[in-house]
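What follows is coords-v1.cif (mmCIF, C-alpha atoms).
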data_start
#
loop_
_atom_site.group_PDB
_atom_site.id
_atom_site.type_symbol
_atom_site.label_atom_id
_atom_site.label_comp_id
_atom_site.auth_asym_id
_atom_site.auth_seq_id
_atom_site.Cartn_x
_atom_site.Cartn_y
_atom_site.Cartn_z
ATOM 1 C CA MET A 1 -36.416 -194.763 169.461
ATOM 2 C CA ALA A 2 -35.957 -191.048 169.791
ATOM 3 C CA LEU A 3 -36.080 -189.617 173.299
ATOM 4 C CA THR A 4 -39.548 -188.454 174.233
ATOM 5 C CA PRO A 5 -40.965 -185.414 176.058
ATOM 6 C CA GLY A 6 -40.239 -185.308 179.751
ATOM 7 C CA THR A 7 -36.745 -186.801 179.340
ATOM 8 C CA PRO A 8 -33.752 -184.660 180.344
ATOM 9 C CA ALA A 9 -31.631 -184.113 177.241
ATOM 10 C CA PRO A 10 -28.262 -185.907 177.307
ATOM 11 C CA ALA A 11 -25.373 -183.507 177.888
ATOM 12 C CA PHE A 12 -23.023 -182.909 174.959
ATOM 13 C CA THR A 13 -20.092 -180.784 173.882
ATOM 14 C CA LEU A 14 -19.394 -180.509 170.171
ATOM 15 C CA HIS A 15 -17.303 -178.374 167.877
ATOM 16 C CA ALA A 16 -19.173 -175.508 166.221
ATOM 17 C CA THR A 17 -16.037 -174.179 164.508
ATOM 18 C CA PRO A 18 -12.473 -175.518 164.460
ATOM 19 C CA ASP A 19 -11.692 -173.600 167.641
ATOM 20 C CA GLN A 20 -15.051 -173.210 169.329
ATOM 21 C CA ARG A 21 -17.047 -175.828 171.167
ATOM 22 C CA LEU A 22 -20.642 -175.554 172.340
ATOM 23 C CA SER A 23 -22.259 -177.481 175.154
ATOM 24 C CA LEU A 24 -25.845 -178.125 176.021
ATOM 25 C CA ARG A 25 -25.345 -176.169 179.243
ATOM 26 C CA ASP A 26 -24.407 -173.051 177.244
ATOM 27 C CA PHE A 27 -28.078 -172.792 176.326
ATOM 28 C CA ARG A 28 -29.459 -173.066 179.851
ATOM 29 C CA GLY A 29 -32.194 -170.590 180.648
ATOM 30 C CA LYS A 30 -33.740 -170.426 177.208
ATOM 31 C CA PRO A 31 -35.524 -172.908 174.984
ATOM 32 C CA LEU A 32 -33.295 -174.709 172.520
ATOM 33 C CA VAL A 33 -34.239 -176.327 169.246
ATOM 34 C CA ILE A 34 -31.969 -179.213 168.232
ATOM 35 C CA ALA A 35 -32.327 -180.232 164.615
ATOM 36 C CA PHE A 36 -30.511 -183.432 163.701
ATOM 37 C CA TYR A 37 -30.224 -183.828 159.945
ATOM 38 C CA PRO A 38 -28.539 -186.430 157.755
ATOM 39 C CA ALA A 39 -25.922 -184.402 155.922
ATOM 40 C CA ASP A 40 -24.714 -181.036 154.680
ATOM 41 C CA TRP A 41 -25.130 -180.266 150.978
ATOM 42 C CA SER A 42 -28.475 -181.890 150.319
ATOM 43 C CA PRO A 43 -29.183 -181.008 146.711
ATOM 44 C CA VAL A 44 -32.234 -178.801 147.074
ATOM 45 C CA CYS A 45 -32.591 -175.125 147.706
ATOM 46 C CA GLY A 46 -34.731 -174.227 150.627
ATOM 47 C CA ASP A 47 -33.419 -177.317 152.378
ATOM 48 C CA GLN A 48 -34.055 -177.824 156.056
ATOM 49 C CA MET A 49 -31.212 -175.680 157.404
ATOM 50 C CA ALA A 50 -31.854 -172.919 154.862
ATOM 51 C CA LEU A 51 -35.483 -172.898 155.952
ATOM 52 C CA TYR A 52 -34.599 -172.591 159.647
ATOM 53 C CA ASN A 53 -32.235 -169.813 158.699
ATOM 54 C CA GLU A 54 -35.157 -167.908 157.219
ATOM 55 C CA VAL A 55 -37.391 -168.643 160.203
ATOM 56 C CA LEU A 56 -34.682 -167.647 162.699
ATOM 57 C CA PRO A 57 -36.340 -164.306 163.555
ATOM 58 C CA GLU A 58 -39.465 -166.219 164.598
ATOM 59 C CA PHE A 59 -37.484 -168.639 166.774
ATOM 60 C CA ARG A 60 -35.709 -165.706 168.412
ATOM 61 C CA ARG A 61 -38.990 -163.848 168.874
ATOM 62 C CA LEU A 62 -40.076 -166.839 170.934
ATOM 63 C CA GLY A 63 -36.872 -166.583 172.967
ATOM 64 C CA ALA A 64 -35.300 -169.716 171.530
ATOM 65 C CA GLU A 65 -31.960 -170.638 170.012
ATOM 66 C CA ILE A 66 -31.399 -173.336 167.414
ATOM 67 C CA VAL A 67 -28.510 -175.642 166.535
ATOM 68 C CA GLY A 68 -28.193 -178.090 163.674
ATOM 69 C CA ILE A 69 -26.326 -181.346 164.257
ATOM 70 C CA SER A 70 -25.040 -183.837 161.703
ATOM 71 C CA VAL A 71 -22.115 -186.241 161.506
ATOM 72 C CA ASP A 72 -20.275 -183.971 159.076
ATOM 73 C CA GLY A 73 -16.908 -182.641 160.215
ATOM 74 C CA VAL A 74 -16.315 -179.104 161.298
ATOM 75 C CA TRP A 75 -14.670 -177.967 158.031
ATOM 76 C CA CYS A 76 -17.556 -179.327 156.041
ATOM 77 C CA HIS A 77 -20.003 -177.498 158.304
ATOM 78 C CA LEU A 78 -17.998 -174.315 157.904
ATOM 79 C CA ALA A 79 -18.113 -174.461 154.119
ATOM 80 C CA PHE A 80 -21.799 -175.383 154.080
ATOM 81 C CA SER A 81 -22.721 -172.701 156.563
ATOM 82 C CA LYS A 82 -20.848 -170.076 154.572
ATOM 83 C CA ASP A 83 -22.406 -171.180 151.302
ATOM 84 C CA ARG A 84 -25.936 -171.038 152.711
ATOM 85 C CA ASN A 85 -25.320 -167.901 154.738
ATOM 86 C CA LEU A 86 -26.488 -169.605 157.933
ATOM 87 C CA HIS A 87 -26.793 -167.499 161.065
ATOM 88 C CA PHE A 88 -26.967 -170.274 163.642
ATOM 89 C CA PRO A 89 -24.416 -172.933 164.671
ATOM 90 C CA LEU A 90 -23.980 -176.316 163.064
ATOM 91 C CA LEU A 91 -22.396 -178.820 165.420
ATOM 92 C CA ALA A 92 -20.151 -181.643 164.283
ATOM 93 C CA ASP A 93 -21.194 -184.991 165.742
ATOM 94 C CA PHE A 94 -18.056 -186.344 164.166
ATOM 95 C CA GLU A 95 -15.882 -188.029 166.782
ATOM 96 C CA PRO A 96 -16.918 -190.452 168.102
ATOM 97 C CA LYS A 97 -19.142 -190.479 165.077
ATOM 98 C CA GLY A 98 -22.811 -189.941 165.795
ATOM 99 C CA ALA A 99 -22.415 -190.256 169.573
ATOM 100 C CA VAL A 100 -24.804 -187.411 170.335
ATOM 101 C CA ALA A 101 -27.356 -188.605 167.790
ATOM 102 C CA ARG A 102 -27.167 -192.057 169.384
ATOM 103 C CA ALA A 103 -27.716 -190.582 172.855
ATOM 104 C CA PHE A 104 -30.871 -188.870 171.563
ATOM 105 C CA GLY A 105 -32.014 -192.071 169.855
ATOM 106 C CA ALA A 106 -31.695 -190.414 166.473
ATOM 107 C CA TYR A 107 -28.979 -192.393 164.686
ATOM 108 C CA ARG A 108 -29.356 -194.626 161.645
ATOM 109 C CA GLN A 109 -26.780 -197.329 162.058
ATOM 110 C CA GLU A 110 -27.111 -198.754 158.521
ATOM 111 C CA GLU A 111 -26.416 -195.448 156.797
ATOM 112 C CA GLY A 112 -24.173 -193.970 159.452
ATOM 113 C CA LEU A 113 -26.254 -190.780 159.515
ATOM 114 C CA SER A 114 -28.477 -189.070 162.001
ATOM 115 C CA GLU A 115 -32.211 -189.095 161.520
ATOM 116 C CA ARG A 116 -34.129 -185.980 160.583
ATOM 117 C CA ALA A 117 -35.091 -185.570 164.205
ATOM 118 C CA LEU A 118 -36.259 -182.441 165.986
ATOM 119 C CA PHE A 119 -36.124 -181.780 169.709
ATOM 120 C CA VAL A 120 -37.409 -178.751 171.573
ATOM 121 C CA LEU A 121 -35.873 -178.335 175.020
ATOM 122 C CA ASP A 122 -37.037 -175.992 177.744
ATOM 123 C CA GLY A 123 -34.682 -173.700 179.654
ATOM 124 C CA GLU A 124 -33.855 -176.500 182.090
ATOM 125 C CA GLY A 125 -32.720 -178.807 179.312
ATOM 126 C CA THR A 126 -35.727 -181.121 179.446
ATOM 127 C CA ILE A 127 -37.129 -182.364 176.164
ATOM 128 C CA ARG A 128 -40.616 -180.921 175.678
ATOM 129 C CA TRP A 129 -41.318 -181.984 172.116
ATOM 130 C CA SER A 130 -39.716 -184.318 169.631
ATOM 131 C CA TYR A 131 -40.426 -185.445 166.123
ATOM 132 C CA VAL A 132 -38.694 -187.822 163.733
ATOM 133 C CA SER A 133 -39.443 -187.126 160.095
ATOM 134 C CA PRO A 134 -39.151 -189.669 157.308
ATOM 135 C CA ILE A 135 -35.526 -189.251 156.204
ATOM 136 C CA GLY A 136 -36.454 -187.887 152.779
ATOM 137 C CA VAL A 137 -38.976 -185.378 154.063
ATOM 138 C CA ASN A 138 -37.972 -181.986 155.394
ATOM 139 C CA PRO A 139 -40.261 -181.565 158.410
ATOM 140 C CA GLY A 140 -40.636 -177.802 158.059
ATOM 141 C CA ALA A 141 -40.859 -175.463 161.029
ATOM 142 C CA ASP A 142 -44.524 -175.507 161.997
ATOM 143 C CA GLY A 143 -44.158 -178.181 164.686
ATOM 144 C CA ILE A 144 -41.203 -176.389 166.254
ATOM 145 C CA LEU A 145 -43.047 -173.076 166.433
ATOM 146 C CA GLU A 146 -46.070 -174.691 168.024
ATOM 147 C CA ALA A 147 -43.885 -176.409 170.598
ATOM 148 C CA LEU A 148 -42.098 -173.132 171.431
ATOM 149 C CA GLU A 149 -45.415 -171.359 171.804
ATOM 150 C CA GLY A 150 -46.566 -174.146 174.081
ATOM 151 C CA LEU A 151 -43.531 -173.509 176.285
ATOM 152 C CA GLN A 152 -44.305 -169.799 176.433
ATOM 153 C CA GLY A 153 -47.893 -170.546 177.375
ATOM 154 C CA LYS A 154 -46.752 -172.670 180.310
ATOM 155 C CA LYS A 155 -44.442 -169.974 181.572
ATOM 156 C CA ARG A 156 -47.201 -167.400 181.795
ATOM 157 C CA MET B 1 -50.046 -182.988 159.965
ATOM 158 C CA SER B 2 -49.077 -180.030 157.806
ATOM 159 C CA LYS B 3 -52.237 -178.096 156.947
ATOM 160 C CA LEU B 4 -52.647 -174.928 154.972
ATOM 161 C CA ARG B 5 -53.113 -172.003 157.343
ATOM 162 C CA PRO B 6 -54.973 -169.803 156.712
ATOM 163 C CA PRO B 7 -57.137 -171.567 154.105
ATOM 164 C CA VAL B 8 -57.443 -169.987 150.686
ATOM 165 C CA GLY B 9 -59.407 -166.749 150.945
ATOM 166 C CA ALA B 10 -60.394 -163.581 149.157
ATOM 167 C CA ASN B 11 -56.950 -162.027 149.640
ATOM 168 C CA ASP B 12 -55.201 -164.759 147.715
ATOM 169 C CA HIS B 13 -54.072 -164.520 144.118
ATOM 170 C CA ALA B 14 -56.011 -167.209 142.295
ATOM 171 C CA GLN B 15 -56.393 -168.415 138.730
ATOM 172 C CA GLY B 16 -59.337 -170.589 137.805
ATOM 173 C CA PRO B 17 -62.897 -170.658 139.073
ATOM 174 C CA PRO B 18 -63.527 -170.380 142.842
ATOM 175 C CA GLU B 19 -65.937 -173.313 142.576
ATOM 176 C CA ALA B 20 -63.258 -175.563 141.006
ATOM 177 C CA ARG B 21 -63.183 -179.041 142.477
ATOM 178 C CA ILE B 22 -59.464 -178.861 143.235
ATOM 179 C CA THR B 23 -57.457 -176.015 144.703
ATOM 180 C CA LEU B 24 -53.708 -176.221 144.236
ATOM 181 C CA VAL B 25 -51.657 -173.795 146.309
ATOM 182 C CA GLU B 26 -48.003 -173.091 145.658
ATOM 183 C CA TYR B 27 -45.621 -171.369 148.026
ATOM 184 C CA GLY B 28 -42.891 -170.124 145.741
ATOM 185 C CA ASP B 29 -39.862 -167.932 145.315
ATOM 186 C CA TYR B 30 -39.254 -166.054 142.052
ATOM 187 C CA GLU B 31 -35.530 -166.643 142.113
ATOM 188 C CA CYS B 32 -35.616 -170.339 143.057
ATOM 189 C CA PRO B 33 -34.632 -172.560 140.121
ATOM 190 C CA TYR B 34 -36.917 -175.382 141.256
ATOM 191 C CA CYS B 35 -39.861 -172.978 141.282
ATOM 192 C CA GLY B 36 -38.761 -171.994 137.802
ATOM 193 C CA GLU B 37 -39.007 -175.632 136.800
ATOM 194 C CA ALA B 38 -42.416 -175.962 138.392
ATOM 195 C CA TYR B 39 -43.771 -172.868 136.653
ATOM 196 C CA PRO B 40 -44.400 -174.342 133.158
ATOM 197 C CA ILE B 41 -45.598 -177.589 134.747
ATOM 198 C CA VAL B 42 -48.285 -175.792 136.709
ATOM 199 C CA LYS B 43 -49.299 -173.896 133.587
ATOM 200 C CA ARG B 44 -49.648 -177.115 131.652
ATOM 201 C CA VAL B 45 -51.602 -178.844 134.399
ATOM 202 C CA ARG B 46 -53.934 -175.845 134.652
ATOM 203 C CA LYS B 47 -54.668 -176.132 130.959
ATOM 204 C CA GLU B 48 -55.242 -179.866 131.208
ATOM 205 C CA LEU B 49 -57.602 -179.650 134.166
ATOM 206 C CA GLY B 50 -59.422 -176.552 132.962
ATOM 207 C CA LYS B 51 -62.275 -175.452 135.146
ATOM 208 C CA ASN B 52 -61.644 -178.265 137.611
ATOM 209 C CA LEU B 53 -58.568 -176.524 138.966
ATOM 210 C CA ARG B 54 -58.017 -173.324 140.846
ATOM 211 C CA PHE B 55 -54.377 -172.307 141.319
ATOM 212 C CA VAL B 56 -53.238 -170.050 144.143
ATOM 213 C CA PHE B 57 -49.767 -168.583 144.546
ATOM 214 C CA ARG B 58 -48.324 -167.382 147.852
ATOM 215 C CA ASN B 59 -44.919 -165.781 148.368
ATOM 216 C CA PHE B 60 -42.169 -167.692 150.080
ATOM 217 C CA PRO B 61 -38.952 -165.833 149.251
ATOM 218 C CA LEU B 62 -35.808 -167.409 150.686
ATOM 219 C CA SER B 63 -33.947 -164.180 151.276
ATOM 220 C CA GLU B 64 -30.710 -165.759 152.492
ATOM 221 C CA SER B 65 -30.386 -168.049 149.482
ATOM 222 C CA HIS B 66 -31.730 -165.719 146.818
ATOM 223 C CA PRO B 67 -30.739 -162.065 147.006
ATOM 224 C CA HIS B 68 -33.469 -160.822 144.616
ATOM 225 C CA ALA B 69 -36.324 -163.000 145.813
ATOM 226 C CA VAL B 70 -37.878 -160.626 148.310
ATOM 227 C CA ARG B 71 -37.841 -157.652 145.943
ATOM 228 C CA ALA B 72 -39.267 -159.769 143.145
ATOM 229 C CA ALA B 73 -42.101 -160.814 145.442
ATOM 230 C CA HIS B 74 -42.680 -157.154 146.273
ATOM 231 C CA ALA B 75 -42.843 -156.411 142.550
ATOM 232 C CA ALA B 76 -45.543 -159.019 142.015
ATOM 233 C CA GLU B 77 -47.534 -157.650 144.933
ATOM 234 C CA ALA B 78 -47.085 -154.075 143.728
ATOM 235 C CA ALA B 79 -48.407 -155.158 140.328
ATOM 236 C CA ALA B 80 -51.307 -156.872 142.087
ATOM 237 C CA LEU B 81 -52.384 -153.490 143.453
ATOM 238 C CA GLN B 82 -52.991 -152.533 139.817
ATOM 239 C CA GLY B 83 -54.787 -155.793 139.133
ATOM 240 C CA ARG B 84 -51.797 -157.265 137.261
ATOM 241 C CA PHE B 85 -50.411 -159.885 139.636
ATOM 242 C CA TRP B 86 -50.396 -162.785 137.200
ATOM 243 C CA GLU B 87 -48.793 -160.827 134.387
ATOM 244 C CA MET B 88 -45.943 -159.847 136.676
ATOM 245 C CA HIS B 89 -45.780 -163.366 138.093
ATOM 246 C CA ASP B 90 -45.283 -164.790 134.609
ATOM 247 C CA THR B 91 -42.800 -162.103 133.657
ATOM 248 C CA LEU B 92 -40.706 -162.787 136.743
ATOM 249 C CA TYR B 93 -40.585 -166.519 136.082
ATOM 250 C CA ASP B 94 -39.807 -165.923 132.424
ATOM 251 C CA ASN B 95 -36.864 -163.758 133.523
ATOM 252 C CA GLN B 96 -35.559 -165.535 136.618
ATOM 253 C CA GLN B 97 -31.962 -164.497 135.945
ATOM 254 C CA ARG B 98 -32.887 -160.848 135.512
ATOM 255 C CA LEU B 99 -34.491 -159.623 138.694
ATOM 256 C CA ASP B 100 -32.526 -156.572 139.735
ATOM 257 C CA GLU B 101 -34.151 -153.271 140.706
ATOM 258 C CA VAL B 102 -33.858 -151.663 137.289
ATOM 259 C CA GLN B 103 -35.283 -154.720 135.597
ATOM 260 C CA LEU B 104 -38.252 -154.964 137.973
ATOM 261 C CA ARG B 105 -39.196 -151.395 137.096
ATOM 262 C CA ARG B 106 -38.689 -152.062 133.420
ATOM 263 C CA TYR B 107 -41.112 -155.010 133.549
ATOM 264 C CA ALA B 108 -43.739 -152.768 135.115
ATOM 265 C CA GLU B 109 -43.239 -150.254 132.335
ATOM 266 C CA GLN B 110 -43.308 -152.896 129.592
ATOM 267 C CA ARG B 111 -46.577 -154.263 130.969
ATOM 268 C CA GLY B 112 -48.123 -150.832 130.828
ATOM 269 C CA LEU B 113 -48.450 -150.358 134.569
ATOM 270 C CA ASP B 114 -48.617 -146.951 136.187
ATOM 271 C CA VAL B 115 -44.882 -146.778 136.813
ATOM 272 C CA LYS B 116 -44.924 -144.047 139.426
ATOM 273 C CA ARG B 117 -47.455 -145.862 141.496
ATOM 274 C CA PHE B 118 -45.624 -149.132 141.015
ATOM 275 C CA ALA B 119 -42.380 -147.602 142.319
ATOM 276 C CA LEU B 120 -44.143 -146.278 145.411
ATOM 277 C CA ASP B 121 -45.898 -149.564 146.096
ATOM 278 C CA LEU B 122 -42.695 -151.506 145.553
ATOM 279 C CA ASP B 123 -41.214 -149.727 148.568
ATOM 280 C CA SER B 124 -44.380 -149.569 150.629
ATOM 281 C CA GLU B 125 -44.808 -151.157 154.015
ATOM 282 C CA ALA B 126 -48.114 -152.648 152.970
ATOM 283 C CA VAL B 127 -46.512 -154.657 150.187
ATOM 284 C CA ALA B 128 -43.640 -155.769 152.422
ATOM 285 C CA ALA B 129 -46.144 -156.792 155.095
ATOM 286 C CA ARG B 130 -48.140 -158.794 152.582
ATOM 287 C CA VAL B 131 -45.079 -160.783 151.492
ATOM 288 C CA LYS B 132 -43.997 -161.334 155.084
ATOM 289 C CA SER B 133 -47.465 -162.516 156.022
ATOM 290 C CA ASP B 134 -47.472 -164.979 153.122
ATOM 291 C CA PHE B 135 -44.073 -166.236 154.263
ATOM 292 C CA LEU B 136 -45.187 -166.715 157.864
ATOM 293 C CA SER B 137 -48.378 -168.448 156.790
ATOM 294 C CA GLY B 138 -46.156 -170.801 154.807
ATOM 295 C CA VAL B 139 -44.012 -171.539 157.819
ATOM 296 C CA ARG B 140 -47.163 -172.229 159.852
ATOM 297 C CA SER B 141 -48.493 -174.455 157.130
ATOM 298 C CA GLY B 142 -45.373 -176.605 157.102
ATOM 299 C CA VAL B 143 -43.720 -175.283 153.951
ATOM 300 C CA ASN B 144 -40.418 -177.108 153.834
ATOM 301 C CA GLY B 145 -38.710 -175.684 150.797
ATOM 302 C CA THR B 146 -39.625 -174.114 147.529
ATOM 303 C CA PRO B 147 -41.771 -174.870 145.763
ATOM 304 C CA SER B 148 -44.166 -176.375 148.309
ATOM 305 C CA PHE B 149 -47.574 -177.430 147.110
ATOM 306 C CA PHE B 150 -50.829 -177.926 148.983
ATOM 307 C CA VAL B 151 -53.796 -179.759 147.557
ATOM 308 C CA GLY B 152 -57.127 -179.552 149.331
ATOM 309 C CA GLY B 153 -55.344 -177.837 152.199
ATOM 310 C CA ALA B 154 -52.838 -180.642 152.862
ATOM 311 C CA ARG B 155 -49.140 -180.510 152.011
ATOM 312 C CA TYR B 156 -48.379 -182.471 148.864
ATOM 313 C CA ASP B 157 -45.095 -184.307 149.473
ATOM 314 C CA ALA B 158 -44.973 -186.442 146.336
ATOM 315 C CA SER B 159 -43.185 -185.566 143.114
ATOM 316 C CA TRP B 160 -44.397 -182.508 141.228
ATOM 317 C CA ASP B 161 -43.048 -183.538 137.867
ATOM 318 C CA HIS B 162 -45.738 -183.121 135.257
ATOM 319 C CA ASP B 163 -46.995 -186.687 134.991
ATOM 320 C CA ALA B 164 -47.004 -187.324 138.728
ATOM 321 C CA LEU B 165 -48.791 -184.099 139.584
ATOM 322 C CA LEU B 166 -51.335 -184.445 136.814
ATOM 323 C CA SER B 167 -52.211 -188.032 137.606
ATOM 324 C CA TYR B 168 -52.503 -187.247 141.314
ATOM 325 C CA LEU B 169 -54.861 -184.360 140.648
ATOM 326 C CA GLN B 170 -56.873 -186.323 138.087
ATOM 327 C CA GLY B 171 -57.291 -189.035 140.684
ATOM 328 C CA LEU B 172 -59.156 -186.545 142.838
ATOM 329 C CA LEU B 173 -61.780 -185.815 140.208
#
Just give me the structure of the file as structure tokens.
Amino acid sequence: MALTPGTPAPAFTLHATPDQRLSLRDFRGKPLVIAFYPADWSPVCGDQMALYNEVLPEFRRLGAEIVGISVDGVWCHLAFSKDRNLHFPLLADFEPKGAVARAFGAYRQEEGLSERALFVLDGEGTIRWSYVSPIGVNPGADGILEALEGLQGKKR
Amino acid sequence: MSKLRPPVGANDHAQGPPEARITLVEYGDYECPYCGEAYPIVKRVRKELGKNLRFVFRNFPLSESHPHAVRAAHAAEAAALQGRFWEMHDTLYDNQQRLDEVQLRRYAEQRGLDVKRFALDLDSEAVAARVKSDFLSGVRSGVNGTPSFFVGGARYDASWDHDALLSYLQGLL
């Protein structure tokens, strides 16, 4: 079961590039979107990460940052990110494999992949919205944007 | 969960009668190969369903994946201002590999558009705003890649190969 709203997000530190690591606490003070996805190189254009890349200006307009997380290694992420021209970090949940996905309740043991699970965290690192999509269905960005707007509404 | 927002309205580019029993909406990108595959399928399905189907196209250019997609969308919208959206739409899909600036202008000329006006509109803020607004409406509607289809206002997640799409739509009649 994926973690639900109201739960503090489990802390993590993962490689974003071979020599850079990012932690949950690096994002304190602003909303964070965490998008777990099964794997780099899914064979469609306009895949989930490419879509978020296009919607990035909207996420930023709402004051939020976004990270993608999969069990792919850092070199794989680097190649994928370069190929798709991504402008946000992909984190490697690679060793121990899937540990962060497990902590969020978003790991598929049988396949050894993370779910297509979305989490929106507030500036304090508490989960405010979560959604697990059927693994074959890209969930889009509408739910994320609504959740971020909900956070803004509460702040006012 | 994913619902078409805003619903189809007077501003949309539509083919087929407004009173058609089914409205099929596509969010597409002129440079996306999958949209290119969908293009003849939609044409065929439109023929097969005749007056029962209205088809609406909205722009969803993936600018980071497809360097010419945004400009191609602008070209279609600039043609629309001369009442020629669908001609340009077809031309762009028939020439998916040839969408650079010179070629876009050539298509306008070949179609007999007012070329001066087309060039101005191609660079106008109004046309850029229109494409952006289509894109954002797609994001709000839950577009999750291109092409994304909506039938009766709900996102259609099943296969859009010809037989699957046709039999789904026929089932609604």
Exercise for the section: Give as a PyMOL selection string every residue of chain B that touches chain A within 6 Å, counting all atoms listed in the file. Expected result: chain B and resi 139-140+142-146
Please, could you write that set of residues out with C-alpha atoms as a PDB file, in the coordinates of the input?
ATOM      1  CA  VAL B 139     -44.012-171.539 157.819  1.00  0.00           C
ATOM      2  CA  ARG B 140     -47.163-172.229 159.852  1.00  0.00           C
ATOM      3  CA  GLY B 142     -45.373-176.605 157.102  1.00  0.00           C
ATOM      4  CA  VAL B 143     -43.720-175.283 153.951  1.00  0.00           C
ATOM      5  CA  ASN B 144     -40.418-177.108 153.834  1.00  0.00           C
ATOM      6  CA  GLY B 145     -38.710-175.684 150.797  1.00  0.00           C
ATOM      7  CA  THR B 146     -39.625-174.114 147.529  1.00  0.00           C
TER       8      THR B 146
END
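What separates atom CA of Ala35 of chain A from atom CA of Ala99 of chain A is a distance of 14.9 Å.
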Chain and number of each residue from the PyMOL selection byres ((chain A and resi 81) around 12), as a PDB file with C-alpha atoms, in the coordinates of the input:
ATOM      1  CA  ALA A  16     -19.173-175.508 166.221  1.00  0.00           C
ATOM      2  CA  THR A  17     -16.037-174.179 164.508  1.00  0.00           C
ATOM      3  CA  ASP A  40     -24.714-181.036 154.680  1.00  0.00           C
ATOM      4  CA  TRP A  41     -25.130-180.266 150.978  1.00  0.00           C
ATOM      5  CA  MET A  49     -31.212-175.680 157.404  1.00  0.00           C
ATOM      6  CA  ALA A  50     -31.854-172.919 154.862  1.00  0.00           C
ATOM      7  CA  ASN A  53     -32.235-169.813 158.699  1.00  0.00           C
ATOM      8  CA  VAL A  67     -28.510-175.642 166.535  1.00  0.00           C
ATOM      9  CA  GLY A  68     -28.193-178.090 163.674  1.00  0.00           C
ATOM     10  CA  ASP A  72     -20.275-183.971 159.076  1.00  0.00           C
ATOM     11  CA  VAL A  74     -16.315-179.104 161.298  1.00  0.00           C
ATOM     12  CA  TRP A  75     -14.670-177.967 158.031  1.00  0.00           C
ATOM     13  CA  CYS A  76     -17.556-179.327 156.041  1.00  0.00           C
ATOM     14  CA  HIS A  77     -20.003-177.498 158.304  1.00  0.00           C
ATOM     15  CA  LEU A  78     -17.998-174.315 157.904  1.00  0.00           C
ATOM     16  CA  ALA A  79     -18.113-174.461 154.119  1.00  0.00           C
ATOM     17  CA  PHE A  80     -21.799-175.383 154.080  1.00  0.00           C
ATOM     18  CA  LYS A  82     -20.848-170.076 154.572  1.00  0.00           C
ATOM     19  CA  ASP A  83     -22.406-171.180 151.302  1.00  0.00           C
ATOM     20  CA  ARG A  84     -25.936-171.038 152.711  1.00  0.00           C
ATOM     21  CA  ASN A  85     -25.320-167.901 154.738  1.00  0.00           C
ATOM     22  CA  LEU A  86     -26.488-169.605 157.933  1.00  0.00           C
ATOM     23  CA  HIS A  87     -26.793-167.499 161.065  1.00  0.00           C
ATOM     24  CA  PHE A  88     -26.967-170.274 163.642  1.00  0.00           C
ATOM     25  CA  PRO A  89     -24.416-172.933 164.671  1.00  0.00           C
ATOM     26  CA  LEU A  90     -23.980-176.316 163.064  1.00  0.00           C
ATOM     27  CA  LEU A  91     -22.396-178.820 165.420  1.00  0.00           C
TER      28      LEU A  91
ATOM     29  CA  GLU B  64     -30.710-165.759 152.492  1.00  0.00           C
ATOM     30  CA  SER B  65     -30.386-168.049 149.482  1.00  0.00           C
TER      31      SER B  65
END
Practice task
Identify, on the basis of all atoms listed in the file, every residue whose closest approach to Cys35 of chain B does not exceed 6 Å; exclude the query and any residue fewer than 3 positions from it along the same chain; express the result as a list in words.
Solution key: Cys32, Ala38 and Pro147 of chain B
Problem - Ref. answer, residues at most 7 Å from (-32.8, -178.5, 174.6) with only C-alpha atoms, as a ChimeraX atom specification - result: /A:9,31-34,119-122,125-127
I'd like the neighbourhood of Tyr93 of chain B as a PDB file with C-alpha atoms, in the frame of the given file, where a residue qualifies if any of its atoms comes within 9 Å (using only C-alpha atoms), though same-chain residues fewer than 6 positions away should be ignored.
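Final output, around26.pdb:
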ATOM      1  CA  TYR B  30     -39.254-166.054 142.052  1.00  0.00           C
ATOM      2  CA  GLU B  31     -35.530-166.643 142.113  1.00  0.00           C
ATOM      3  CA  CYS B  35     -39.861-172.978 141.282  1.00  0.00           C
ATOM      4  CA  GLY B  36     -38.761-171.994 137.802  1.00  0.00           C
ATOM      5  CA  TYR B  39     -43.771-172.868 136.653  1.00  0.00           C
TER       6      TYR B  39
END
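Residues with any atom within 9 Å of Phe135 of chain B, counting only C-alpha atoms and excluding same-chain neighbours fewer than 5 positions away, are Tyr27, Arg58, Asn59, Phe60, Pro61, Arg130 and Arg140 of chain B.
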Practice task
Name the residues that the PyMOL selection byres ((chain B and resi 26) around 6) pulls out of this structure, and write them as a ChimeraX atom specification.
Solution key: /B:25,27-28,57,148-149
